[in-house]
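Notes follow once the structure below has been shown.
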Amino acid sequence: MKDSSQSGSGRLIKAPENFLTSEGVRQVFAEGKRGRRDFIRGAFAAAAAGVSVSAAAQGNPVPSEGGDPNILQLPEHSTGLGQAVATDGYGKPSKYESNVQRRQSPGLTQTSQASVSFAPLQSLFGIVTPSGLHFERHHQGWWDVDPSKHRLMVNGLVRKPMVLTMDEIMRLPAVSRFHFIECGANTGMEWGNVAVPTAQYSHGMLSCSEFTGVPLVRLLELAGADLKRGKFVLAEGADGSSMTRTIPMSLITSGEVLVAYGQNGEMLRPENGYPLRLVVPGVQGVSWVKYLRRIEVGDMPYSTKDEDVHYVDLMPGGLHRQYSSIQEVKSVVTTPSGGQVLLDKGFYNITGLAWSGRGKVKRVDISVDGGRNWHQARMEGPVLSKCLTRFNMDWVWDGKPAIIQSRATDETGHVQATYRQLREVRGTRSIYHNNAIQSWLVQENGEVKNVQLS
Amino acid sequence: MSSFRNLLTGFMLLALAGGATAQRTDFPGIGRTATPKEIAAWDIDIRPDFAGLPKGAGSVAKGQDVWEGKCASCHGVFGESNEVFSPLVGGTTAEDIKTGRVSRLNDPSFPGRTTLMKVSNLSTLLDYINRAMPWTQPKSLSVEELYSVTAYLLNMGGVLPDNFTLSDQNVAEVQKLMPNRNGKTTAHALWPGKEFGGTGKPDVQGTNCMKNCVAEPKLASFLPDFARNAHGNLAEQNRLVGAQHGANTANPEAKSSVSGQRTVVGLAPKESGSPAKSEASPEAKAVQTLLQKHSCTACHAPAQKLVGPSWQDIAKRHSGKTDYLVTKIRSGGSGVWGAVPMPPQGLPEADAKAIANWLATGAARP
C-alpha cells in the first residue's frame, strides 16, 4: 500500500534500528540508558551520512543500501519456529512494555502500606484499564484473601441477619457493567500549584473496568431490609483497616451499587479487593470498600474515620465538607501530556479521557491555545454512564508553543471548570475533588510540561 | 419505590438501571441466618450516637502506658510526630473547645492539619482506634485500652484533664468538648442522595465559550528545573514506541526547537534476566517474605531510616551478632538507635533467627 502521507513532515522518528547495524543499535541503547543523548545524535549523524537531506528529514527514511534492513534481512521471528501454546499459562505483556507500570509518587506518603500507586494513563488506550495496571490505594496494606473462607454478613435493620459464602453470592443473578473508579484525592496534589510532572501522577488515581457482581439491593431484599427506615448502609472491609464508609440507600435501591467479584472477565485482583468489593458508580474510590465482609443497614450516617478525619474537603472559612462523595465532571488529555516529547512537527492525534459521576459525558472540547479557542472533540463509543469516555481530535503541530486543554460537559449540563473558577469557590486547601481543566504546555523543543494558567 | 412494601410476595418488577427487568427477590437455598455470636464478632462499628459502644472505662494515666507501649513508635511520644503519619495532636485551643470550631483551620499559614483539628465526633476516634489500631496489630486492644488510650489522646490535646476516666457513661459529655464538633457541613452537592438536604446543584460551573474566550493566558505555575527528575527518568515511564516518547529527564532539557533534536529515542527496556543483574539468593528472598509478614517493613526500610534504622545500618553495626539480634527483635528496646522504642515482636523464634542471620551477614538485597 502506498503511503500517501510521505511528504508530510509529521512522521515520527522510530527506534534507531532503521539507521544502524545491530551492533550500533546495542551501543545506542546502552549509551541512551546512561542518558548520553549527545552520543546518540552523533551515532545518527554518522549513520545518516551519505543519505540525501530530504530523506534525513523524514522519520522513516530510505537507508543508503536501498532498503530498510528490517525488511531486507528477515528477522529470526520470520525464519524460525516460535514458542508453543501455553508456554505461559497466564500470559503477560510483551517484555518491551516494561516501562508501562503503576508507580508511587516519591515523598507522597511515608509508609508504603497506607499509600497510592498511580495508573499510567499516558500509555493506555480506549477506556478499560488492564487489571494489573489498575491504580492502588491501600489503607493498611493489601492481602490475598482465601475466597473459600471469605464471608459476607448483612445485618442491622433487617428481618433476618444473614451470612453468605462466595459460592452463594456467585449463584445469584449477576450483572456486568463498565464504570470508572477515581480516588477523591485524584489531582489533589495540584490544588495550590503544579506539583507533579506527568498525567500518571496528576490524574492516575483513576481506572475503569467491567465489574461483574450482584446488585446490593438483591442481598438487602434477601435479608428483609427495612428500606424505608434504613436510609444508610455501612460497608465494611475485612482487612486490617476494616475500611468503612456510609452509602445512601437511594443509590442502592436504584440497582447501581454492586457487590462485585469480577473485573474485566476475571476475578478481582488482590490489590483491588479480591474476592469481593463494593462498586459504587460515580462515587469516589474510598467508598468502593475492598475485601467486603459486612453490610449494615442503619438510620443514620456513620461518620467513620474516612468521613470525619480524611476525605473531608476544607473550604475557605475553615468548614469541612463532610460526606462529599460524587466525582464531578472531569477530563484530561493523556497524549500529548506532561513528560512526553513530540518527535517532530506535523500530525498528531490529541486523545484523552472524560468522565462524570453524575452520568454520561455529553461533549468534550479541546483547546490548543490555552483556552482562548475551543474545538469539539470526537467522542469514541461506547459512551456509558459513570464510565470513562475516550475522545480524540486531529491536530497538526506547527512547532510553536501550544497549551493543550480539554473541557468536558456531562448530561446534566455541568461544565468542567478552570482552576480560577474552582479556587474562587473552594480555595486551594480542599485536597479532595479537584476536577479542574488540565493544561499541558508543548514547548518548541517538543517537550510537554504540566502547567497551570492564571 | 412503593413496590418494596411487597417484599414477601416473591416476584416483583423493579425499575433497574438500564431498563425494567422481572427479577425475583427470594433466592431459595442461598444464605443462612447469622448467629448472635457471629454478629457480635464482626459488628464492631460505633456510631455518632454511640450505638455499638462497648461497655467499659479507661483512665488518662493508664492511657499513657498504652500510648508509650503501642502508639508512640509511630505517632511520637506526644502524638506530634510527622515521621510515619500526619500528627494527631496540636493546633487546637481552649477557645476551640468552647466554640466547637478550630480557628486555625482558617489560617493558611498554619502548617498542618492534625487529627484533633479535623475530627468532629468522639465516636469516630473510638471506632477507628478499635478497628484499625495499632498499625501492625489491628483489633488487638482491650476495651479498657481503647477507652484509656482515647482519653490520653484527648488529654494530650488539652481536651481532658490528667485525672479523667473516659467511659460509656460520660462519652456524650466529652463529645460536647470536641474542638471541631461544629466544623463540618453537608450543604454541598457532592452526596449522591437527598438524605442531608445538600444543595443539589454543583457549586462551580464552567463556561462553554468556544471563541475568543479569555485574555492571553499566562503561565502561573510549572515545575522548577531542579524537580525535572524528581519522579525518576520519564523516558523510562513511557512506551518505547508511540506518538510521543518520554522525556529523558536524567539529562538537562534541550534548548533547541524540535527540528534540532529529531533523534530523540526511547530507552531500551530493562531486559529481564540480563546477565548484568545478579541472581537473587533464595535466603534473601525468603527473609523479604518474613519482613513483610511480620510487618517489620512498617518501620524499617533497606537503605533509609524510617521509624527505626535501615537494614543496612543494622547490618553494619551488628555484623556477625545473630544471637544479639534475635534477642533484640523478640524483646524490643530503645536507646541503641534513639529514643523511639521498638515494641517486643511476637514472631516465632525460627523467623526471628532467619531475619537476624540475614541482618548479621550483610542484609543482602534479594
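How things are named: the first chain in the C-alpha cells is A, the next is B, and so on; residues count from 1 in each chain; ligands count from 1 in the order shown.
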
For B:His300: contacts at 10 Å, only C-alpha atoms, fewer than 3 positions along chain excluded, given as a VMD selection string: (chain A and resid 111) or (chain B and resid 291 295 to 297 303 to 311)

Compile the contact shell of stretch 189-191 of chain B as a ChimeraX atom specification: residues with an atom at most 7 Å away, counting only C-alpha atoms, same-chain residues fewer than 5 positions apart removed. /A:323-326 /B:198-202

Would you mind exporting C-alpha atoms of the selected residues as a CSV table (one decimal), in the first residue's frame?
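After the write, again-v1.csv holds the following:
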chain,number,residue,atom,x,y,z
A,323,TYR,CA,-19.8,13.1,53.1
A,324,SER,CA,-18.5,14.7,49.8
A,325,SER,CA,-18.7,11.7,47.5
A,326,ILE,CA,-19.6,12.3,43.9
B,198,GLY,CA,-27.5,19.3,50.3
B,199,THR,CA,-27.6,21.9,47.6
B,200,GLY,CA,-28.3,19.5,44.7
B,201,LYS,CA,-26.7,22.0,42.2
B,202,PRO,CA,-23.0,21.9,41.7

Could you list, as a list in words, every residue within 6 Å of A:Cys387, counting only C-alpha atoms and ignoring same-chain residues fewer than 5 positions away? His179, Phe180 and Trp355 of chain A

Go ahead and save the picked residues with C-alpha atoms, as a tab-separated table (two decimals), in the first residue's frame.
chain	number	residue	atom	x	y	z
A	179	HIS	CA	-17.61	2.04	35.48
A	180	PHE	CA	-14.75	4.36	36.33
A	355	TRP	CA	-15.93	11.10	32.87

Near stretch 183-200 of chain A, counting only C-alpha atoms, which residues have an atom at most 8 Å away, once you skip same-chain residues fewer than 2 positions from it, shown as a PyMOL selection string? (chain A and resi 118-122+181+202-206+284-286+311+325+327+332+334+337-339+428-435+449-452) or (chain B and resi 221-223+228+231)

Pick from B:Val60, B:Met178, B:Ala132, B:Ala298, whichever lies nearest to B:Val84 using only C-alpha atoms: B:Ala298

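Proximity of A:Leu319, A:Leu152, A:Glu182, A:Ser105 to B:Ser103, computed with only C-alpha atoms, is greatest for A:Leu319.
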
When distances are computed from only C-alpha atoms, which of B:Gln64, B:Thr114, B:Thr185, B:Ser109 shows the smallest separation from B:Leu146? B:Gln64

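The nearest approach to chain A among the residues B:Lys55, B:Arg104, B:Lys62, B:Lys184, with only C-alpha atoms taken into account, belongs to B:Lys184.
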
For B:Gly333, list every protein, DNA or RNA residue within 12 Å, evaluated using only C-alpha atoms, and leave out those in the same chain fewer than 4 positions away; present the list as an NGL selection string. :B and (69 or 73 or 308 or 325 or 327-329 or 337-345)

For the helix (DSSP H, G or I) assignment from backbone DSSP, which residues of stretch 26-260 of chain B qualify? Please present them as a PyMOL selection string. chain B and resi 36-42+60-75+94-99+103-106+115-118+122-132+143-156+171-175+225-227+234-237+258-260

Using atom CA of B:Gln137 and atom CA of B:Thr289 as the two end points, give the distance in Å to one decimal. 17.6 Å

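Every protein or nucleic acid residue with an atom no more than 9 Å from stretch 33-45 of chain B, counting only C-alpha atoms and leaving out same-chain residues fewer than 3 positions away, appears here: Met153, Val154, Asn155, Gly156, Lys160, Pro161, Met162, Val163, Leu164, Ala223, Thr244, Arg293, Arg294, Glu296, Tyr302 and Thr304 of chain A; Ala51, Gly52, Leu53, Pro54, Asp127, Tyr128, Asn130 and Arg131 of chain B.
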
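Nearest residue to B:Asn182, choosing from B:Thr322, B:Asn229, B:Gln288, B:Thr99 and counting only C-alpha atoms: B:Thr99.
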
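The gap separating atom CA of B:Leu177 from atom CA of B:Gly197 is 26.6 Å, in Å to one decimal.
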